[in-house]
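Chemist: Quick one, upload-v1.pdb (PDB, C-alpha atoms):
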ATOM      1  CA  GLU A   1      26.044 -18.508  -8.383  1.00  0.00           C
ATOM      2  CA  PRO A   2      23.239 -18.410  -5.796  1.00  0.00           C
ATOM      3  CA  THR A   3      21.518 -15.047  -5.522  1.00  0.00           C
ATOM      4  CA  MET A   4      19.325 -15.559  -2.451  1.00  0.00           C
ATOM      5  CA  THR A   5      20.212 -16.562   1.083  1.00  0.00           C
ATOM      6  CA  ALA A   6      18.048 -18.718   3.307  1.00  0.00           C
ATOM      7  CA  ARG A   7      17.512 -15.701   5.587  1.00  0.00           C
ATOM      8  CA  THR A   8      14.040 -14.188   5.445  1.00  0.00           C
ATOM      9  CA  ASN A   9      13.686 -10.493   4.743  1.00  0.00           C
ATOM     10  CA  ALA A  10      12.772  -9.156   8.192  1.00  0.00           C
ATOM     11  CA  LEU A  11      11.645  -5.761   6.858  1.00  0.00           C
ATOM     12  CA  PRO A  12       9.592  -6.502   3.699  1.00  0.00           C
ATOM     13  CA  TRP A  13       7.794  -3.931   1.584  1.00  0.00           C
ATOM     14  CA  PRO A  14       4.070  -4.180   2.422  1.00  0.00           C
ATOM     15  CA  SER A  15       1.717  -5.455  -0.233  1.00  0.00           C
ATOM     16  CA  ILE A  16      -0.903  -3.021  -1.548  1.00  0.00           C
ATOM     17  CA  ASP A  17      -3.251  -5.642  -2.963  1.00  0.00           C
ATOM     18  CA  GLN A  18      -5.696  -5.023  -0.082  1.00  0.00           C
ATOM     19  CA  LEU A  19      -6.433  -1.385  -1.009  1.00  0.00           C
ATOM     20  CA  PRO A  20      -8.882  -2.191  -3.840  1.00  0.00           C
ATOM     21  CA  ARG A  21     -10.689  -4.606  -1.514  1.00  0.00           C
ATOM     22  CA  VAL A  22     -11.012  -1.948   1.192  1.00  0.00           C
ATOM     23  CA  ILE A  23     -12.365   0.623  -1.259  1.00  0.00           C
ATOM     24  CA  CYS A  24     -14.814  -1.877  -2.844  1.00  0.00           C
ATOM     25  CA  ALA A  25     -16.044  -2.982   0.589  1.00  0.00           C
ATOM     26  CA  LYS A  26     -16.769   0.637   1.559  1.00  0.00           C
ATOM     27  CA  ILE A  27     -18.591   1.298  -1.721  1.00  0.00           C
ATOM     28  CA  ASN A  28     -20.608  -1.935  -1.446  1.00  0.00           C
ATOM     29  CA  ARG A  29     -21.520  -1.115   2.155  1.00  0.00           C
ATOM     30  CA  HIS A  30     -22.655   2.369   1.108  1.00  0.00           C
ATOM     31  CA  PHE A  31     -24.924   0.983  -1.645  1.00  0.00           C
ATOM     32  CA  ALA A  32     -26.367  -1.712   0.625  1.00  0.00           C
ATOM     33  CA  VAL A  33     -27.156   0.822   3.343  1.00  0.00           C
ATOM     34  CA  ALA A  34     -28.526   3.358   0.851  1.00  0.00           C
ATOM     35  CA  GLU A  35     -30.918   0.817  -0.644  1.00  0.00           C
ATOM     36  CA  SER A  36     -32.114  -0.397   2.752  1.00  0.00           C
ATOM     37  CA  ALA A  37     -32.456   3.164   4.024  1.00  0.00           C
ATOM     38  CA  ALA A  38     -34.529   4.127   0.972  1.00  0.00           C
ATOM     39  CA  VAL A  39     -36.912   1.183   1.508  1.00  0.00           C
ATOM     40  CA  TYR A  40     -37.111   1.983   5.218  1.00  0.00           C
ATOM     41  CA  VAL A  41     -37.912   5.673   4.601  1.00  0.00           C
ATOM     42  CA  GLN A  42     -40.470   4.899   1.862  1.00  0.00           C
ATOM     43  CA  ARG A  43     -42.351   2.408   4.030  1.00  0.00           C
ATOM     44  CA  TRP A  44     -42.219   4.672   7.080  1.00  0.00           C
ATOM     45  CA  TRP A  45     -43.593   7.586   4.983  1.00  0.00           C
ATOM     46  CA  ARG A  46     -46.377   5.477   3.499  1.00  0.00           C
ATOM     47  CA  THR A  47     -47.329   4.190   6.942  1.00  0.00           C
ATOM     48  CA  LEU A  48     -47.343   7.765   8.290  1.00  0.00           C
ATOM     49  CA  LYS A  49     -49.687   8.840   5.479  1.00  0.00           C
ATOM     50  CA  GLY A  50     -52.012   5.934   6.212  1.00  0.00           C
ATOM     51  CA  ARG A  51     -51.330   4.148   2.960  1.00  0.00           C
ATOM     52  CA  ASP A  52     -51.209   0.415   2.792  1.00  0.00           C
ATOM     53  CA  CYS A  53     -47.718  -0.849   2.450  1.00  0.00           C
ATOM     54  CA  LYS A  54     -45.609  -3.784   3.385  1.00  0.00           C
ATOM     55  CA  PRO A  55     -44.253  -3.679   6.916  1.00  0.00           C
ATOM     56  CA  ILE A  56     -40.690  -2.535   7.351  1.00  0.00           C
ATOM     57  CA  PRO A  57     -38.609  -5.670   6.885  1.00  0.00           C
ATOM     58  CA  THR A  58     -36.916  -6.920  10.009  1.00  0.00           C
ATOM     59  CA  ARG A  59     -34.061  -8.238   7.952  1.00  0.00           C
ATOM     60  CA  ALA A  60     -33.239  -4.754   6.721  1.00  0.00           C
ATOM     61  CA  VAL A  61     -29.784  -3.518   7.506  1.00  0.00           C
ATOM     62  CA  GLU A  62     -29.344  -3.945  11.255  1.00  0.00           C
ATOM     63  CA  SER A  63     -27.191  -0.861  11.448  1.00  0.00           C
ATOM     64  CA  PHE A  64     -26.510   1.929   9.018  1.00  0.00           C
ATOM     65  CA  ALA A  65     -22.980   2.316  10.405  1.00  0.00           C
ATOM     66  CA  GLY A  66     -20.319   2.509   7.744  1.00  0.00           C
ATOM     67  CA  GLY A  67     -22.757   3.309   4.988  1.00  0.00           C
ATOM     68  CA  TYR A  68     -22.910   7.065   5.195  1.00  0.00           C
ATOM     69  CA  GLY A  69     -21.888   8.872   2.037  1.00  0.00           C
ATOM     70  CA  GLY A  70     -19.864  11.654   3.671  1.00  0.00           C
ATOM     71  CA  PRO A  71     -16.790   9.638   4.716  1.00  0.00           C
ATOM     72  CA  LEU A  72     -16.837   7.706   1.435  1.00  0.00           C
ATOM     73  CA  HIS A  73     -17.126  10.948  -0.545  1.00  0.00           C
ATOM     74  CA  ARG A  74     -14.227  12.494   1.398  1.00  0.00           C
ATOM     75  CA  MET A  75     -12.078   9.390   0.945  1.00  0.00           C
ATOM     76  CA  LEU A  76     -12.675   9.142  -2.799  1.00  0.00           C
ATOM     77  CA  LEU A  77     -13.024  12.761  -3.848  1.00  0.00           C
ATOM     78  CA  LYS A  78     -11.537  15.035  -1.190  1.00  0.00           C
ATOM     79  CA  SER A  79      -8.368  13.195  -0.134  1.00  0.00           C
ATOM     80  CA  PRO A  80      -5.017  14.378  -1.447  1.00  0.00           C
ATOM     81  CA  VAL A  81      -3.910  12.349  -4.421  1.00  0.00           C
ATOM     82  CA  PHE A  82      -0.352  11.468  -5.273  1.00  0.00           C
ATOM     83  CA  TYR A  83       0.786   9.607  -8.299  1.00  0.00           C
ATOM     84  CA  SER A  84       3.914   8.179  -9.767  1.00  0.00           C
ATOM     85  CA  GLU A  85       4.694   5.943 -12.665  1.00  0.00           C
ATOM     86  CA  LYS A  86       4.559   2.258 -11.775  1.00  0.00           C
ATOM     87  CA  LEU A  87       7.726   0.748 -13.142  1.00  0.00           C
ATOM     88  CA  ASP A  88       7.656  -2.958 -13.882  1.00  0.00           C
ATOM     89  CA  GLY A  89      10.461  -4.996 -12.423  1.00  0.00           C
ATOM     90  CA  THR A  90      11.133  -6.472  -9.019  1.00  0.00           C
ATOM     91  CA  ASN A  91      11.272  -4.945  -5.533  1.00  0.00           C
ATOM     92  CA  VAL A  92      14.729  -4.685  -4.053  1.00  0.00           C
ATOM     93  CA  GLY A  93      15.486  -3.025  -0.748  1.00  0.00           C
ATOM     94  CA  LYS A  94      18.737  -1.744   0.646  1.00  0.00           C
ATOM     95  CA  MET A  95      18.853  -2.065   4.416  1.00  0.00           C
ATOM     96  CA  SER A  96      20.418   0.630   6.595  1.00  0.00           C
ATOM     97  CA  ASP A  97      23.372  -1.718   7.162  1.00  0.00           C
ATOM     98  CA  GLY A  98      23.894  -2.124   3.374  1.00  0.00           C
ATOM     99  CA  ARG A  99      22.377  -5.590   2.927  1.00  0.00           C
ATOM    100  CA  LEU A 100      20.184  -6.069  -0.148  1.00  0.00           C
ATOM    101  CA  VAL A 101      16.816  -7.793   0.169  1.00  0.00           C
ATOM    102  CA  GLY A 102      14.246  -9.123  -2.251  1.00  0.00           C
ATOM    103  CA  ARG A 103      10.553  -9.345  -1.478  1.00  0.00           C
ATOM    104  CA  ARG A 104      10.936 -12.372   0.802  1.00  0.00           C
ATOM    105  CA  LYS A 105      14.626 -13.243   1.183  1.00  0.00           C
ATOM    106  CA  GLU A 106      17.957 -11.522   1.572  1.00  0.00           C
ATOM    107  CA  ILE A 107      20.144 -11.319  -1.517  1.00  0.00           C
ATOM    108  CA  GLU A 108      23.443 -13.163  -1.166  1.00  0.00           C
ATOM    109  CA  PRO A 109      26.226 -10.666  -0.290  1.00  0.00           C
ATOM    110  CA  SER A 110      28.460 -12.198  -2.972  1.00  0.00           C
ATOM    111  CA  ALA A 111      25.799 -12.062  -5.732  1.00  0.00           C
ATOM    112  CA  THR A 112      26.815  -9.869  -8.670  1.00  0.00           C
ATOM    113  CA  THR A 113      23.453  -9.989 -10.465  1.00  0.00           C
ATOM    114  CA  TYR A 114      19.803 -10.284  -9.529  1.00  0.00           C
ATOM    115  CA  GLN A 115      17.052 -10.917 -12.096  1.00  0.00           C
ATOM    116  CA  ARG A 116      19.677 -10.453 -14.854  1.00  0.00           C
ATOM    117  CA  CYS A 117      20.615  -6.989 -13.554  1.00  0.00           C
ATOM    118  CA  PRO A 118      24.018  -6.019 -12.159  1.00  0.00           C
ATOM    119  CA  LEU A 119      24.003  -5.302  -8.414  1.00  0.00           C
ATOM    120  CA  GLU A 120      27.244  -3.322  -8.258  1.00  0.00           C
ATOM    121  CA  PRO A 121      25.567   0.090  -8.919  1.00  0.00           C
ATOM    122  CA  LEU A 122      23.028  -0.610  -6.167  1.00  0.00           C
ATOM    123  CA  ARG A 123      25.697  -1.792  -3.744  1.00  0.00           C
ATOM    124  CA  GLU A 124      27.628   1.433  -4.437  1.00  0.00           C
ATOM    125  CA  CYS A 125      24.513   3.597  -4.028  1.00  0.00           C
ATOM    126  CA  SER A 126      24.613   5.428  -0.688  1.00  0.00           C
ATOM    127  CA  THR A 127      21.160   5.225   0.818  1.00  0.00           C
ATOM    128  CA  ALA A 128      22.259   6.148   4.363  1.00  0.00           C
ATOM    129  CA  ASP A 129      21.699   9.913   3.923  1.00  0.00           C
ATOM    130  CA  CYS A 130      18.205   9.394   2.518  1.00  0.00           C
ATOM    131  CA  LEU A 131      17.279   6.997   5.325  1.00  0.00           C
ATOM    132  CA  GLN A 132      18.750   9.422   7.898  1.00  0.00           C
ATOM    133  CA  GLU A 133      16.637  12.309   6.560  1.00  0.00           C
ATOM    134  CA  LEU A 134      13.497  10.173   6.587  1.00  0.00           C
ATOM    135  CA  MET A 135      14.210   9.025  10.156  1.00  0.00           C
ATOM    136  CA  ALA A 136      14.642  12.647  11.253  1.00  0.00           C
ATOM    137  CA  ALA A 137      11.274  13.490   9.687  1.00  0.00           C
ATOM    138  CA  LEU A 138       9.607  10.613  11.545  1.00  0.00           C
ATOM    139  CA  THR A 139      10.906  11.249  15.056  1.00  0.00           C
ATOM    140  CA  ASP A 140      13.046  13.558  17.145  1.00  0.00           C
ATOM    141  CA  ASP A 141      14.603  10.540  18.826  1.00  0.00           C
ATOM    142  CA  GLU A 142      16.193   8.390  16.126  1.00  0.00           C
ATOM    143  CA  SER A 143      17.129   5.790  18.747  1.00  0.00           C
ATOM    144  CA  LYS A 144      13.458   4.735  18.628  1.00  0.00           C
ATOM    145  CA  ILE A 145      14.081   3.379  15.110  1.00  0.00           C
ATOM    146  CA  CYS A 146      15.828   0.002  15.062  1.00  0.00           C
ATOM    147  CA  ARG A 147      16.492  -0.212  11.356  1.00  0.00           C
ATOM    148  CA  GLY A 148      15.260   0.895   7.988  1.00  0.00           C
ATOM    149  CA  ALA A 149      15.285  -0.077   4.339  1.00  0.00           C
ATOM    150  CA  LEU A 150      15.045   2.021   1.217  1.00  0.00           C
ATOM    151  CA  TYR A 151      13.060   0.167  -1.451  1.00  0.00           C
ATOM    152  CA  GLY A 152      13.084   0.574  -5.175  1.00  0.00           C
ATOM    153  CA  GLU A 153      12.128  -1.104  -8.421  1.00  0.00           C
ATOM    154  CA  LEU A 154      14.927  -2.988 -10.159  1.00  0.00           C
ATOM    155  CA  CYS A 155      13.931  -2.464 -13.798  1.00  0.00           C
ATOM    156  CA  CYS A 156      14.716  -5.976 -14.980  1.00  0.00           C
ATOM    157  CA  ASN A 157      11.949  -6.165 -17.622  1.00  0.00           C
ATOM    158  CA  PHE A 158      13.936  -3.962 -19.960  1.00  0.00           C
ATOM    159  CA  GLY A 159      12.842  -5.760 -23.143  1.00  0.00           C
ATOM    160  CA  LEU A 160       9.125  -5.137 -22.600  1.00  0.00           C
ATOM    161  CA  TYR A 161       9.056  -1.365 -22.262  1.00  0.00           C
ATOM    162  CA  ASP A 162      10.950   1.717 -23.403  1.00  0.00           C
ATOM    163  CA  TYR A 163      13.289   1.482 -20.408  1.00  0.00           C
ATOM    164  CA  ALA A 164      16.403   1.393 -22.617  1.00  0.00           C
ATOM    165  CA  ALA A 165      15.389   4.543 -24.492  1.00  0.00           C
ATOM    166  CA  ARG A 166      14.685   6.268 -21.162  1.00  0.00           C
ATOM    167  CA  SER A 167      17.946   5.016 -19.577  1.00  0.00           C
ATOM    168  CA  LEU A 168      15.996   2.997 -16.993  1.00  0.00           C
ATOM    169  CA  ALA A 169      16.968  -0.511 -18.178  1.00  0.00           C
ATOM    170  CA  LYS A 170      18.697  -2.499 -15.439  1.00  0.00           C
ATOM    171  CA  THR A 171      18.565   0.436 -13.011  1.00  0.00           C
ATOM    172  CA  TRP A 172      17.197   0.677  -9.486  1.00  0.00           C
ATOM    173  CA  GLN A 173      14.614   3.422  -8.935  1.00  0.00           C
ATOM    174  CA  ALA A 174      13.865   4.169  -5.273  1.00  0.00           C
ATOM    175  CA  PHE A 175      10.182   4.496  -4.369  1.00  0.00           C
ATOM    176  CA  GLY A 176       9.800   4.219  -0.593  1.00  0.00           C
ATOM    177  CA  ALA A 177      11.163   3.302   2.805  1.00  0.00           C
ATOM    178  CA  VAL A 178      10.177   0.954   5.628  1.00  0.00           C
ATOM    179  CA  PHE A 179      11.286   1.403   9.238  1.00  0.00           C
ATOM    180  CA  GLN A 180      11.165  -0.838  12.279  1.00  0.00           C
ATOM    181  CA  PHE A 181      10.570   0.996  15.549  1.00  0.00           C
ATOM    182  CA  ALA A 182      11.700  -0.114  18.998  1.00  0.00           C
ATOM    183  CA  ASP A 183       8.109  -0.597  20.167  1.00  0.00           C
ATOM    184  CA  VAL A 184       4.483   0.163  19.327  1.00  0.00           C
ATOM    185  CA  GLU A 185       4.512   3.360  21.380  1.00  0.00           C
ATOM    186  CA  ALA A 186       7.478   4.727  19.434  1.00  0.00           C
ATOM    187  CA  ALA A 187       5.833   3.803  16.114  1.00  0.00           C
ATOM    188  CA  SER A 188       2.563   5.502  17.135  1.00  0.00           C
ATOM    189  CA  ALA A 189       4.173   8.786  18.170  1.00  0.00           C
TER     190      ALA A 189
END
What would you get if you wrote out this structure as structure tokens?

Modeler:
Amino acid sequence: EPTMTARTNALPWPSIDQLPRVICAKINRHFAVAESAAVYVQRWWRTLKGRDCKPIPTRAVESFAGGYGGPLHRMLLKSPVFYSEKLDGTNVGKMSDGRLVGRRKEIEPSATTYQRCPLEPLRECSTADCLQELMAALTDDESKICRGALYGELCCNFGLYDYAARSLAKTWQAFGAVFQFADVEAASA
């Protein structure tokens, strides 16, 4: 039996693979600016004291923007931290209209299993109240939200971990929601 439709998931869960790149870029920028600033200050000081030194390189960092330690320090050490256990399986979302979606495609409405896991418990799971509460927290005017999806991890890799002992094998564990707003202004509010 086919499990996926040809229809693309119009409300996919965003990928987080960019976060490490963003953090590394900020750290690399900080070190590059710090090194150039140190050379700049040393040569300026030596010149001020009348000591012979190499001229300040013109190819030094053109701008020190983005290299200050304060914002980086706040981001890495002062920001609130939240954690949760990363379960290994596959992302499955339940749209506000009840449709099930994988990462890229919609799951066939007649499919009974997905990644060797039964879908009946997920189809029976009422996500409407949760989505309604989240919508109310986002905006006073819920008409600004076109649709939403509650996402979770379908714990299909039950043989690799202690999921069976923890009663997680072949279950769906919600972890987040995605909403589509009527327009950019509504999403920014």

Chemist: For the file shown, what are the residues hit by the PyMOL selection byres ((chain A and resi 110-118) around 12), laid out as a PyMOL selection string?

Modeler: chain A and resi 1-5+89-92+99-102+106-109+119-124+153-159+168-172

Chemist: Which value, in Å to one decimal, gives the distance between CA of Cys146 (chain A) and CA of Leu134 (chain A)?

Modeler: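 Distance between the two atoms: 13.4 Å.
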
Chemist: Which is closest to Asp162 (chain A) among A:Arg51, A:Asp88, A:Arg29, A:Ile23, if we use all atoms listed in the file?

Modeler: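 Checking each candidate against Asp162 (chain A), we get A:Asp88 as the closest.
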
Chemist: To one decimal place, how far is CA of Trp13 (chain A) from CA of Gln180 (chain A) in Å?

Modeler: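 CA of Gln180 (chain A) lies at a distance of 11.6 Å from CA of Trp13 (chain A).
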
Chemist: Point out the residue among A:Glu133, A:Asn28, A:Ala149, A:Leu48 with the least atom-to-atom distance to Arg103 (chain A), counting all atoms listed in the file.

Modeler: A:Ala149

Chemist: Between A:Ile27, A:Lys105, A:Arg21, A:Trp45, which is the closest to His73 (chain A) once you count all atoms listed in the file?

Modeler: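 Nearest to His73 (chain A): A:Ile27.
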
Chemist: For each of A:Arg104, A:Lys144, A:Arg166, A:Ala38, take the minimum atom-to-atom distance to Thr8 (chain A), counting all atoms listed in the file, then give the residue where this is smallest.

Modeler: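 Distance minimum relative to Thr8 (chain A) lands on A:Arg104.
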
Chemist: Given 4 Å on each side, where is the centre and what are the edge lengths in Å to one decimal of the axis-aligned box enclosing the listed atoms of region 76-83 of chain A, as JSON?

Modeler:
{"center_x": -6.1, "center_y": 12.1, "center_z": -4.2, "size_x": 21.8, "size_y": 13.9, "size_z": 16.2}

Chemist: To one decimal place, how far is CA of Asp97 (chain A) from CA of Ala128 (chain A) in Å?

Modeler: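 Separation of CA of Asp97 (chain A) and CA of Ala128 (chain A): 8.4 Å.
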
Chemist: Can you pull out every residue within 8 Å of Ser96 (chain A), counting only C-alpha atoms, but drop anything in the same chain fewer than 6 positions away, and send it as JSON, numbers by chain?

Modeler: {"A": [127, 128, 131, 147, 148, 149, 150]}
